[in-house]
$ cat upload14.cif   # mmCIF, C-alpha atoms
data_data
#
loop_
_atom_site.label_atom_id
_atom_site.label_comp_id
_atom_site.auth_asym_id
_atom_site.auth_seq_id
_atom_site.Cartn_x
_atom_site.Cartn_y
_atom_site.Cartn_z
CA MET X 1382 -10.37 -31.60 -2.91
CA ASN X 1383 -14.10 -31.54 -2.35
CA ASP X 1384 -15.20 -28.23 -3.89
CA LYS X 1385 -18.27 -28.15 -1.64
CA LYS X 1386 -16.26 -28.26 1.59
CA ASN X 1387 -15.27 -25.06 3.38
CA TYR X 1388 -11.49 -25.50 3.74
CA GLY X 1389 -9.22 -23.30 5.84
CA PHE X 1390 -7.27 -20.29 4.54
CA THR X 1391 -3.96 -22.02 3.78
CA THR X 1392 -5.47 -25.25 2.45
CA THR X 1393 -7.62 -23.24 0.01
CA ILE X 1394 -4.66 -21.22 -1.30
CA LEU X 1395 -2.34 -24.23 -1.57
CA HIS X 1396 -4.72 -26.27 -3.69
CA ASN X 1397 -6.57 -23.54 -5.58
CA ASP X 1398 -4.75 -23.92 -8.91
CA ARG X 1399 -5.62 -27.62 -9.09
CA GLN X 1400 -9.35 -26.95 -8.93
CA LYS X 1401 -9.37 -25.74 -12.54
CA GLY X 1402 -6.97 -28.33 -13.93
CA ILE X 1403 -3.33 -27.65 -14.74
CA GLU X 1404 -1.39 -28.72 -17.80
CA HIS X 1405 0.43 -32.07 -17.47
CA GLY X 1406 -0.58 -32.53 -13.83
CA SER X 1407 1.64 -29.66 -12.61
CA LEU X 1408 1.05 -28.61 -8.99
CA HIS X 1409 1.62 -24.93 -9.87
CA LYS X 1410 0.04 -22.95 -12.66
CA PRO X 1411 2.91 -22.62 -15.19
CA ILE X 1412 4.23 -19.33 -16.52
CA HIS X 1413 2.46 -18.43 -19.76
CA THR X 1414 4.56 -15.82 -21.57
CA SER X 1415 2.49 -15.45 -24.74
CA VAL X 1416 0.95 -12.02 -25.29
CA ALA X 1417 -1.48 -13.26 -27.96
CA PHE X 1418 -4.10 -16.02 -27.91
CA GLY X 1419 -5.31 -17.78 -31.04
CA TYR X 1420 -8.77 -19.19 -31.73
CA ALA X 1421 -9.66 -21.91 -34.23
CA ASP X 1422 -12.98 -20.19 -34.87
CA ALA X 1423 -12.85 -16.48 -35.72
CA ARG X 1424 -16.41 -16.08 -34.46
CA GLN X 1425 -15.29 -17.22 -31.03
CA LEU X 1426 -12.51 -14.61 -31.09
CA ALA X 1427 -15.12 -11.93 -31.78
CA SER X 1428 -17.36 -13.31 -29.06
CA VAL X 1429 -14.53 -13.11 -26.51
CA PHE X 1430 -13.75 -9.51 -27.49
CA GLN X 1431 -17.42 -8.58 -27.17
CA GLY X 1432 -17.60 -10.12 -23.70
CA LYS X 1433 -20.14 -12.74 -24.68
CA GLU X 1434 -17.95 -15.62 -23.48
CA PRO X 1435 -14.81 -15.94 -21.34
CA GLY X 1436 -11.38 -16.06 -22.92
CA PHE X 1437 -8.07 -14.25 -23.29
CA ARG X 1438 -7.78 -11.34 -25.72
CA TYR X 1439 -4.29 -9.89 -25.31
CA GLY X 1440 -1.59 -10.10 -22.65
CA ARG X 1441 -2.13 -6.52 -21.47
CA GLN X 1442 -5.53 -7.55 -20.10
CA GLY X 1443 -4.45 -10.86 -18.57
CA ASN X 1444 -3.27 -14.37 -19.29
CA PRO X 1445 -3.70 -17.81 -17.67
CA THR X 1446 -0.88 -17.30 -15.10
CA ILE X 1447 -2.22 -13.94 -14.00
CA SER X 1448 -5.79 -15.23 -14.02
CA ALA X 1449 -4.77 -18.02 -11.62
CA LEU X 1450 -3.27 -15.45 -9.24
CA GLU X 1451 -6.38 -13.27 -9.51
CA ASP X 1452 -8.50 -16.25 -8.55
CA LYS X 1453 -6.21 -17.00 -5.60
CA VAL X 1454 -6.33 -13.42 -4.27
CA ASN X 1455 -10.09 -13.38 -4.83
CA LYS X 1456 -10.46 -16.48 -2.66
CA MET X 1457 -8.38 -14.79 0.05
CA GLU X 1458 -10.62 -11.71 0.09
CA GLN X 1459 -13.86 -13.65 -0.55
CA GLY X 1460 -14.58 -11.34 -3.46
CA VAL X 1461 -16.70 -11.55 -6.59
CA GLY X 1462 -13.72 -10.70 -8.79
CA THR X 1463 -10.10 -9.52 -8.67
CA ILE X 1464 -7.83 -7.72 -11.14
CA CYS X 1465 -4.05 -7.79 -10.77
CA PHE X 1466 -1.72 -4.93 -11.71
CA ALA X 1467 2.00 -4.36 -12.19
CA THR X 1468 2.33 -2.82 -8.71
CA GLY X 1469 0.27 -1.84 -5.70
CA MET X 1470 0.41 1.77 -6.87
CA GLY X 1471 -0.89 0.59 -10.24
CA ALA X 1472 -3.91 -0.82 -8.43
CA ILE X 1473 -4.56 2.44 -6.57
CA GLY X 1474 -3.92 4.46 -9.71
CA ALA X 1475 -6.54 2.35 -11.48
CA VAL X 1476 -9.18 3.91 -9.23
CA PHE X 1477 -8.31 7.40 -10.43
CA GLN X 1478 -7.77 6.35 -14.05
CA SER X 1479 -10.96 4.36 -14.50
CA LEU X 1480 -13.52 5.57 -11.96
CA LEU X 1481 -13.01 9.28 -11.28
CA ARG X 1482 -13.65 12.36 -13.42
CA ALA X 1483 -12.82 16.05 -13.10
CA GLY X 1484 -15.15 17.61 -10.53
CA ASP X 1485 -15.42 14.44 -8.45
CA HIS X 1486 -14.36 14.40 -4.81
CA VAL X 1487 -12.48 11.87 -2.67
CA VAL X 1488 -12.27 11.69 1.12
CA SER X 1489 -8.97 10.09 2.06
CA SER X 1490 -7.30 9.25 5.32
CA SER X 1491 -4.46 11.70 5.93
CA PHE X 1492 -2.38 8.81 7.26
CA LEU X 1493 -1.10 7.35 4.00
CA PHE X 1494 1.76 5.57 2.32
CA GLY X 1495 3.96 8.31 0.83
CA ASN X 1496 3.38 7.31 -2.80
CA THR X 1497 -0.39 7.19 -2.28
CA ASN X 1498 -0.23 10.71 -0.89
CA SER X 1499 1.76 11.75 -3.97
CA LEU X 1500 -0.82 10.13 -6.27
CA TRP X 1501 -3.66 12.04 -4.63
CA GLN X 1502 -1.68 15.27 -5.13
CA THR X 1503 -1.48 14.44 -8.85
CA THR X 1504 -5.19 13.65 -8.86
CA MET X 1505 -5.95 17.05 -7.36
CA ALA X 1506 -3.87 18.79 -10.04
CA GLN X 1507 -6.05 17.09 -12.67
CA GLY X 1508 -9.37 18.31 -11.33
CA VAL X 1509 -10.45 15.80 -8.67
CA GLY X 1510 -10.89 17.23 -5.19
CA VAL X 1511 -9.33 15.35 -2.28
CA SER X 1512 -10.00 16.02 1.40
CA PHE X 1513 -7.49 14.53 3.84
CA VAL X 1514 -8.96 13.71 7.24
CA ASP X 1515 -8.07 11.89 10.44
CA ALA X 1516 -9.89 8.65 9.64
CA THR X 1517 -9.48 7.22 13.13
CA ASP X 1518 -12.80 8.98 13.84
CA VAL X 1519 -15.75 8.49 11.48
CA ALA X 1520 -17.01 11.98 12.35
CA ASN X 1521 -14.11 13.52 10.43
CA VAL X 1522 -14.99 11.48 7.35
CA ALA X 1523 -18.67 12.41 7.59
CA ALA X 1524 -17.85 16.10 7.88
CA ALA X 1525 -15.75 16.02 4.70
CA ILE X 1526 -18.32 14.33 2.43
CA THR X 1527 -19.92 16.49 -0.25
CA GLU X 1528 -22.45 15.92 -3.02
CA GLN X 1529 -19.53 15.21 -5.36
CA THR X 1530 -17.86 12.58 -3.12
CA ARG X 1531 -17.45 9.36 -5.07
CA VAL X 1532 -14.88 7.51 -2.97
CA VAL X 1533 -13.73 7.17 0.63
CA PHE X 1534 -10.21 5.73 0.83
CA VAL X 1535 -8.40 4.43 3.92
CA GLU X 1536 -5.60 2.07 4.88
CA THR X 1537 -6.22 -0.57 7.56
CA ILE X 1538 -2.97 0.09 9.44
CA ALA X 1539 -1.32 3.28 8.23
CA ASN X 1540 2.25 3.22 7.03
CA PRO X 1541 4.38 4.27 8.89
CA ARG X 1542 2.72 5.55 12.12
CA THR X 1543 0.28 2.60 12.41
CA GLN X 1544 -2.90 4.64 12.92
CA VAL X 1545 -5.94 2.40 12.46
CA ALA X 1546 -8.97 3.84 10.68
CA ASP X 1547 -12.46 3.64 12.20
CA LEU X 1548 -13.06 0.91 9.64
CA LYS X 1549 -16.44 -0.46 10.65
CA ARG X 1550 -18.21 2.84 11.23
CA ILE X 1551 -16.78 4.37 8.04
CA GLY X 1552 -18.18 1.37 6.18
CA GLU X 1553 -21.61 1.95 7.68
CA LEU X 1554 -21.44 5.64 6.73
CA CYS X 1555 -20.50 4.86 3.12
CA GLN X 1556 -23.30 2.34 2.83
CA GLN X 1557 -25.82 4.92 4.05
CA ARG X 1558 -24.56 7.55 1.60
CA GLY X 1559 -24.07 5.24 -1.40
CA ILE X 1560 -20.34 6.03 -1.58
CA LEU X 1561 -17.72 3.58 -2.81
CA TYR X 1562 -15.57 2.53 0.17
CA ILE X 1563 -12.02 1.49 -0.75
CA VAL X 1564 -9.72 -0.09 1.83
CA ASP X 1565 -6.01 -0.71 1.35
CA ASN X 1566 -5.47 -4.04 3.12
CA THR X 1567 -1.72 -4.28 2.48
CA MET X 1568 -0.55 -3.98 6.07
CA THR X 1569 -3.04 -6.50 7.43
CA THR X 1570 -3.43 -8.84 4.42
CA PRO X 1571 -6.58 -10.93 3.95
CA TYR X 1572 -5.25 -13.43 6.50
CA LEU X 1573 -5.43 -10.96 9.39
CA PHE X 1574 -8.46 -9.00 8.16
CA ARG X 1575 -11.03 -8.95 5.36
CA PRO X 1576 -12.32 -5.44 4.57
CA LYS X 1577 -15.46 -7.03 3.15
CA SER X 1578 -16.50 -7.56 6.78
CA VAL X 1579 -16.79 -3.78 7.28
CA GLY X 1580 -18.52 -3.04 3.97
CA ALA X 1581 -15.58 -2.17 1.71
CA GLY X 1582 -16.58 -2.32 -1.95
CA LEU X 1583 -13.03 -2.45 -3.34
CA VAL X 1584 -9.96 -3.84 -1.56
CA VAL X 1585 -6.39 -2.92 -2.49
CA ASN X 1586 -3.48 -5.28 -1.85
CA ALA X 1587 0.12 -4.47 -2.71
CA LEU X 1588 1.08 -8.03 -3.63
CA THR X 1589 4.74 -6.99 -3.52
CA LYS X 1590 4.52 -6.93 0.25
CA SER X 1591 3.35 -9.74 2.53
CA ILE X 1592 1.26 -11.72 0.04
CA GLY X 1593 4.24 -12.30 -2.26
CA GLY X 1594 6.36 -12.09 0.85
CA HIS X 1595 9.89 -12.61 -0.43
CA GLY X 1596 10.84 -9.28 -1.97
CA ASN X 1597 11.30 -10.80 -5.43
CA ALA X 1598 8.28 -9.56 -7.44
CA LEU X 1599 6.20 -6.41 -7.85
CA GLY X 1600 2.42 -6.63 -8.05
CA GLY X 1601 -0.89 -5.24 -6.86
CA SER X 1602 -4.58 -6.10 -6.92
CA LEU X 1603 -8.09 -4.69 -6.67
CA THR X 1604 -10.81 -7.00 -5.38
CA ASP X 1605 -14.53 -6.27 -5.73
CA THR X 1606 -16.17 -7.69 -2.61
CA GLY X 1607 -19.70 -7.44 -3.95
CA ALA X 1608 -20.63 -5.11 -1.09
CA TYR X 1609 -21.12 -2.02 -3.29
CA ASP X 1610 -24.11 -1.39 -5.54
CA TRP X 1611 -22.61 -0.13 -8.78
CA THR X 1612 -25.98 1.22 -9.93
CA ARG X 1613 -25.34 4.02 -7.40
CA PHE X 1614 -22.02 5.02 -9.02
CA PRO X 1615 -22.56 7.79 -11.61
CA ASN X 1616 -19.35 7.30 -13.60
CA ILE X 1617 -20.01 3.92 -15.22
CA TYR X 1618 -19.95 4.15 -19.03
CA GLU X 1619 -22.97 2.74 -20.87
CA ASN X 1620 -20.98 0.07 -22.72
CA TYR X 1621 -19.96 -1.52 -19.38
CA LYS X 1622 -23.58 -1.81 -18.25
CA LYS X 1623 -24.32 -4.74 -20.55
CA ALA X 1624 -23.49 -7.24 -17.82
CA VAL X 1625 -25.20 -7.58 -14.45
CA PRO X 1626 -24.52 -4.56 -12.18
CA LEU X 1627 -22.29 -6.66 -9.92
CA GLN X 1628 -19.73 -6.77 -12.77
CA TRP X 1629 -19.87 -3.14 -13.89
CA GLY X 1630 -17.03 -1.83 -11.74
CA LEU X 1631 -14.44 -4.47 -12.60
CA ALA X 1632 -15.42 -4.42 -16.29
CA GLN X 1633 -14.67 -0.71 -16.47
CA ILE X 1634 -11.48 -1.02 -14.39
CA ARG X 1635 -10.13 -3.85 -16.54
CA ALA X 1636 -10.78 -1.86 -19.71
CA LYS X 1637 -9.72 1.60 -18.57
CA ALA X 1638 -6.81 0.68 -16.28
CA LEU X 1639 -5.40 -2.41 -18.02
CA ARG X 1640 -6.37 -2.10 -21.69
CA ASP X 1641 -6.07 1.69 -21.93
CA PHE X 1642 -3.54 2.56 -19.25
CA GLY X 1643 -1.44 -0.60 -19.51
CA SER X 1644 -0.51 -1.18 -15.85
CA SER X 1645 -0.31 -4.93 -16.45
CA LEU X 1646 1.29 -7.52 -14.20
CA ALA X 1647 3.98 -9.68 -15.85
CA PRO X 1648 3.34 -13.45 -15.81
CA GLU X 1649 6.75 -14.18 -14.25
CA ALA X 1650 5.93 -11.85 -11.35
CA ALA X 1651 2.47 -13.39 -11.02
CA HIS X 1652 4.05 -16.83 -10.64
CA HIS X 1653 6.48 -15.64 -7.93
CA ILE X 1654 3.63 -13.99 -6.02
CA ALA X 1655 1.34 -17.02 -6.33
CA VAL X 1656 4.01 -19.35 -4.92
CA GLY X 1657 4.86 -16.91 -2.13
CA ALA X 1658 1.19 -16.56 -1.20
CA GLU X 1659 1.03 -20.23 -0.21
CA THR X 1660 2.86 -19.47 3.06
CA LEU X 1661 1.14 -16.15 3.82
CA ALA X 1662 -0.62 -17.38 6.95
CA LEU X 1663 2.51 -19.01 8.34
CA ARG X 1664 4.60 -15.91 7.73
CA MET X 1665 2.02 -13.51 9.16
CA GLU X 1666 1.78 -15.56 12.35
CA ARG X 1667 5.56 -15.40 12.77
CA THR X 1668 6.08 -11.77 11.78
CA SER X 1669 3.18 -10.62 13.97
CA ALA X 1670 4.62 -12.48 16.96
CA ASN X 1671 8.09 -11.05 16.30
CA ALA X 1672 6.71 -7.54 15.89
CA LEU X 1673 4.82 -7.67 19.17
CA ALA X 1674 7.90 -8.94 21.02
CA LEU X 1675 10.07 -6.21 19.47
CA ALA X 1676 7.49 -3.49 20.19
CA ARG X 1677 7.39 -4.50 23.84
CA LEU X 1678 11.18 -4.49 24.02
CA LEU X 1679 11.40 -1.03 22.51
CA GLU X 1680 8.59 0.34 24.70
CA SER X 1681 10.48 -0.72 27.83
CA ASP X 1682 13.83 0.79 26.77
CA GLU X 1683 14.74 4.15 28.26
CA ARG X 1684 16.44 5.26 25.04
CA VAL X 1685 13.20 5.03 23.05
CA ALA X 1686 10.82 8.01 23.14
CA ALA X 1687 7.75 6.40 21.54
CA VAL X 1688 6.64 3.14 19.94
CA TYR X 1689 3.75 2.78 17.50
CA TYR X 1690 2.27 -0.70 17.14
CA PRO X 1691 -1.44 -1.62 17.34
CA GLY X 1692 -0.64 -4.68 19.46
CA LEU X 1693 0.50 -2.52 22.38
CA ALA X 1694 -2.12 -1.56 24.97
CA SER X 1695 -0.75 1.99 24.78
CA HIS X 1696 -1.75 2.34 21.11
CA PRO X 1697 -4.77 4.67 20.66
CA GLN X 1698 -6.58 2.16 18.42
CA HIS X 1699 -5.57 -1.00 20.28
CA ALA X 1700 -9.19 -1.84 21.16
CA ILE X 1701 -10.41 -1.48 17.55
CA SER X 1702 -7.47 -3.51 16.28
CA SER X 1703 -8.11 -6.27 18.81
CA GLU X 1704 -11.74 -6.44 17.72
CA LEU X 1705 -11.12 -6.51 13.96
CA PHE X 1706 -7.74 -8.11 13.30
CA ARG X 1707 -6.60 -11.70 13.84
CA SER X 1708 -3.26 -10.25 15.01
CA PHE X 1709 -1.47 -6.95 14.57
CA GLY X 1710 0.86 -7.39 11.61
CA SER X 1711 4.54 -6.88 10.93
CA LEU X 1712 4.75 -3.07 10.77
CA LEU X 1713 5.89 -0.91 13.68
CA SER X 1714 7.68 2.38 14.07
CA PHE X 1715 9.47 4.15 16.92
CA GLU X 1716 11.29 7.34 17.84
CA LEU X 1717 14.61 7.53 19.63
CA LYS X 1718 15.08 10.07 22.39
CA ASP X 1719 16.73 13.40 21.64
CA GLY X 1720 20.48 13.21 21.37
CA ILE X 1721 20.58 9.75 19.79
CA ASP X 1722 21.45 9.83 16.10
CA CYS X 1723 19.09 7.55 14.18
CA PHE X 1724 21.69 6.85 11.48
CA ASP X 1725 24.28 5.76 14.04
CA PHE X 1726 21.68 3.45 15.57
CA LEU X 1727 20.72 1.95 12.22
CA ASN X 1728 24.35 1.33 11.33
CA ARG X 1729 24.86 -0.67 14.54
CA LEU X 1730 22.21 -3.24 13.61
CA LYS X 1731 23.59 -6.50 12.23
CA LEU X 1732 20.44 -8.38 11.18
CA ALA X 1733 17.91 -5.64 10.38
CA ILE X 1734 18.65 -4.27 6.91
CA PRO X 1735 18.32 -0.60 5.90
CA ALA X 1736 15.88 -0.92 2.97
CA SER X 1737 12.55 0.47 1.82
CA ASN X 1738 10.35 -2.58 1.24
CA LEU X 1739 7.69 -4.03 3.55
CA GLY X 1740 6.42 -7.54 4.19
CA ASP X 1741 9.70 -9.31 3.38
CA THR X 1742 10.92 -12.43 5.17
CA ARG X 1743 13.84 -10.32 6.45
CA THR X 1744 13.53 -7.46 8.93
CA LEU X 1745 13.90 -4.14 7.09
CA ILE X 1746 14.36 -0.76 8.75
CA ILE X 1747 14.38 2.80 7.43
CA PRO X 1748 14.53 6.42 8.71
CA VAL X 1749 11.20 7.67 7.38
CA ALA X 1750 11.56 11.47 7.26
CA HIS X 1751 14.90 11.30 5.48
CA THR X 1752 13.87 8.82 2.78
CA ILE X 1753 10.42 7.67 1.70
CA PHE X 1754 8.61 10.75 3.15
CA PHE X 1755 11.33 13.30 2.40
CA GLU X 1756 9.72 14.63 -0.78
CA MET X 1757 6.48 15.72 0.89
CA GLY X 1758 8.25 18.26 3.12
CA ALA X 1759 8.40 18.94 6.83
CA GLU X 1760 4.96 20.58 7.10
CA ARG X 1761 3.07 17.67 5.54
CA ARG X 1762 5.11 15.17 7.60
CA ALA X 1763 4.21 17.02 10.77
CA SER X 1764 0.50 16.91 9.87
CA MET X 1765 0.82 13.13 9.59
CA GLY X 1766 2.59 12.82 12.95
CA ILE X 1767 5.90 11.80 11.40
CA ALA X 1768 8.78 12.99 13.58
CA GLU X 1769 12.21 13.60 12.10
CA SER X 1770 13.56 10.75 14.23
CA LEU X 1771 10.85 8.23 13.24
CA ILE X 1772 12.19 4.80 12.28
CA ARG X 1773 9.97 2.27 10.49
CA VAL X 1774 10.48 -1.45 10.95
CA SER X 1775 9.07 -4.19 8.74
CA VAL X 1776 9.58 -7.21 10.97
CA GLY X 1777 10.66 -10.48 9.37
CA ILE X 1778 10.64 -14.15 10.29
CA GLU X 1779 14.03 -14.32 12.01
CA ASP X 1780 14.33 -16.27 15.26
CA THR X 1781 12.80 -14.00 17.88
CA ASP X 1782 15.75 -14.10 20.28
CA ASP X 1783 18.19 -13.18 17.53
CA LEU X 1784 16.05 -10.24 16.44
CA LEU X 1785 15.60 -8.88 19.95
CA ASP X 1786 19.30 -9.27 20.68
CA ASP X 1787 20.18 -7.29 17.55
CA PHE X 1788 18.06 -4.32 18.65
CA THR X 1789 19.20 -4.58 22.28
CA CYS X 1790 22.88 -4.45 21.31
CA ALA X 1791 22.32 -1.49 18.99
CA LEU X 1792 20.43 0.42 21.69
CA GLU X 1793 23.06 -0.31 24.32
CA ALA X 1794 25.74 1.00 21.99
CA CYS X 1795 23.88 4.34 21.93
#

$ encode --input "upload14.cif" --output "structure tokens"
Amino acid sequence: MNDKKNYGFTTTILHNDRQKGIEHGSLHKPIHTSVAFGYADARQLASVFQGKEPGFRYGRQGNPTISALEDKVNKMEQGVGTICFATGMGAIGAVFQSLLRAGDHVVSSSFLFGNTNSLWQTTMAQGVGVSFVDATDVANVAAAITEQTRVVFVETIANPRTQVADLKRIGELCQQRGILYIVDNTMTTPYLFRPKSVGAGLVVNALTKSIGGHGNALGGSLTDTGAYDWTRFPNIYENYKKAVPLQWGLAQIRAKALRDFGSSLAPEAAHHIAVGAETLALRMERTSANALALARLLESDERVAAVYYPGLASHPQHAISSELFRSFGSLLSFELKDGIDCFDFLNRLKLAIPASNLGDTRTLIIPVAHTIFFEMGAERRASMGIAESLIRVSVGIEDTDDLLDDFTCALEAC
């Protein structure tokens, strides 16, 4: 490859490992399982530990396999640096663990993945204030900001009701106020959307989902886009200010969330995710097309009360989604009309699998209120617009006709 040429998304990811040279001419970065790294010169070991030169210290803070994946994700998001974690929740938890202190304040979208909501509840119990707002309107975010606000956190497409945050205008607001803007890009992936384009300083990706794509490895990442000025962030420790300000945030996150907290990605998982990522664009094209076809089918069926998918003209944020996203992703949800038992419907499906993951090659389906959002209680679910009959679908890469026929037959049996 010519490293000066601007290659396309898939070409860049496919050939990225080879740009740094791989042992024995391998086409994939091999799995390095060692947790320790030896140096012939003890002075060099000290220099690496002091951050004076690059190198590997200990497996908890990274190794060559994980570093190759970090570089690959960083290319996807066009960032200045990326850190990988054991899970997507590990990546989000790293924000709280490494960047926030008691007395700080966070403004978060109220439309959140259930575990993220649970994490913010834990954060609140430990002295960080969190205001949950309807982030589909920037005015709600602006009204919640205080002098102590350090972070604004949103998801691109909310799981499971698919609300789309007012991404661009929230980014402009955060830039004006000097607030760190964090966007969870899991449901769109960097192929459909790059949060850097709307001013996000940190980008979360649950690598378990569409980037890995095959339901065989857990992982998460935080990417620094370079859009945030870390000199404006009051919680950076002095010993992480030795480097240029552009590196302050990731230096502190790598130390406080990987070295101290230990939420490290395993090299075997990193390898699975890196290989899966090679087909991200192809899979997202297929799953997005399947999801749109299924959403249209469900919207036209008299047994369905409501369908939530940004690709439908009826979706409240369809215009914003059309402007920002390459396509609309693989996540949709719907409600059956009163009198139809959601469990009976789910049990009639032959291809769609009752399971809790997202972004798999297979179509997965789950009754939200009774499973992944059960713990938060009926009142909190209602505030998020989650009906008791809501069914979430993570659409896979099956042949479109087979997928539509599966849902049609299950609906007709109702």

$ closest_residue --input "upload14.cif" --among "X:Gly1474, X:Asn1521, X:Leu1771, X:Ile1563" --to "Thr1503 of chain X" --atoms "only C-alpha atoms"
X:Gly1474

$ resolve_selection --input "upload14.cif" --expression "the PyMOL selection byres ((chain X and resi 1668) around 7)" --output "list of chain:residue names"
X:Arg1664, X:Met1665, X:Glu1666, X:Arg1667, X:Ser1669, X:Ala1670, X:Asn1671, X:Ala1672, X:Gly1710, X:Ser1711, X:Val1776, X:Gly1777, X:Ile1778

$ closest_residue --input "upload14.cif" --among "X:Ser1708, X:Ser1489, X:Asn1496, X:Ser1415" --to "Tyr1439 of chain X" --atoms "all atoms listed in the file"
X:Ser1415

$ atom_distance --input "upload14.cif" --atom1 "atom CA of His1486 of chain X" --atom2 "atom CA of Asn1566 of chain X"
22.0 Å

$ residues_around --input "upload14.cif" --residues "Gly1596 of chain X" --least-positions-apart "4" --cutoff "8 Å" --atoms "only C-alpha atoms" --output "ChimeraX atom specification"
/X:1589-1590,1738,1740-1742

$ write_last_selection --input "upload14.cif" --atoms "C-alpha atoms" --output "PDB file, in the frame of the given file"
ATOM      1  CA  THR X1589       4.740  -6.990  -3.520  1.00  0.00           C
ATOM      2  CA  LYS X1590       4.520  -6.930   0.250  1.00  0.00           C
ATOM      3  CA  ASN X1738      10.350  -2.580   1.240  1.00  0.00           C
ATOM      4  CA  GLY X1740       6.420  -7.540   4.190  1.00  0.00           C
ATOM      5  CA  ASP X1741       9.700  -9.310   3.380  1.00  0.00           C
ATOM      6  CA  THR X1742      10.920 -12.430   5.170  1.00  0.00           C
TER       7      THR X1742
END

$ resolve_selection --input "upload14.cif" --expression "the PyMOL selection byres ((chain X and resi 1462-1464) around 8)" --output "ChimeraX atom specification"
/X:1451-1452,1454-1455,1460-1461,1465-1466,1602-1606,1631,1635

$ closest_residue --input "upload14.cif" --among "X:Ile1412, X:Val1476, X:Val1774, X:Val1564" --to "Leu1739 of chain X" --atoms "all atoms listed in the file"
X:Val1774

$ resolve_selection --input "upload14.cif" --expression "the PyMOL selection byres ((chain X and resi 1721) around 10)" --output "ChimeraX atom specification"
/X:1684-1685,1716-1720,1722-1726,1770,1792,1795

$ write_last_selection --input "upload14.cif" --atoms "C-alpha atoms" --output "mmCIF file, keeping the file's coordinate frame"
data_model
loop_
_atom_site.group_PDB
_atom_site.id
_atom_site.type_symbol
_atom_site.label_atom_id
_atom_site.label_comp_id
_atom_site.auth_asym_id
_atom_site.auth_seq_id
_atom_site.Cartn_x
_atom_site.Cartn_y
_atom_site.Cartn_z
ATOM 1 C CA ARG X 1684 16.440 5.260 25.040
ATOM 2 C CA VAL X 1685 13.200 5.030 23.050
ATOM 3 C CA GLU X 1716 11.290 7.340 17.840
ATOM 4 C CA LEU X 1717 14.610 7.530 19.630
ATOM 5 C CA LYS X 1718 15.080 10.070 22.390
ATOM 6 C CA ASP X 1719 16.730 13.400 21.640
ATOM 7 C CA GLY X 1720 20.480 13.210 21.370
ATOM 8 C CA ASP X 1722 21.450 9.830 16.100
ATOM 9 C CA CYS X 1723 19.090 7.550 14.180
ATOM 10 C CA PHE X 1724 21.690 6.850 11.480
ATOM 11 C CA ASP X 1725 24.280 5.760 14.040
ATOM 12 C CA PHE X 1726 21.680 3.450 15.570
ATOM 13 C CA SER X 1770 13.560 10.750 14.230
ATOM 14 C CA LEU X 1792 20.430 0.420 21.690
ATOM 15 C CA CYS X 1795 23.880 4.340 21.930
#

$ residues_around --input "upload14.cif" --residues "Asp1787 of chain X" --least-positions-apart "4" --cutoff "10 Å" --atoms "all atoms listed in the file" --output "list in words"
Arg1729, Leu1730, Lys1731, Leu1732, Ala1733, Thr1781, Asp1782, Asp1783, Ala1791 and Leu1792 of chain X

$ atom_distance --input "upload14.cif" --atom1 "atom CA of Val1522 of chain X" --atom2 "atom CA of His1696 of chain X"
21.2 Å

$ atom_distance --input "upload14.cif" --atom1 "atom CA of Leu1493 of chain X" --atom2 "atom CA of Gln1544 of chain X"
9.5 Å

$ residues_around --input "upload14.cif" --residues "segment 1644-1646 of chain X" --least-positions-apart "3" --cutoff "12 Å" --atoms "only C-alpha atoms" --output "JSON, numbers by chain"
{"X": [1414, 1416, 1439, 1440, 1441, 1442, 1443, 1444, 1445, 1446, 1447, 1448, 1450, 1451, 1464, 1465, 1466, 1467, 1468, 1469, 1470, 1471, 1472, 1473, 1474, 1475, 1478, 1479, 1587, 1588, 1589, 1598, 1599, 1600, 1601, 1602, 1634, 1635, 1636, 1637, 1638, 1639, 1640, 1641, 1649, 1650, 1651, 1652, 1653, 1654]}

$ closest_residue --input "upload14.cif" --among "X:Ala1427, X:Leu1785, X:Ala1421, X:Ile1538" --to "Phe1706 of chain X" --atoms "all atoms listed in the file"
X:Ile1538
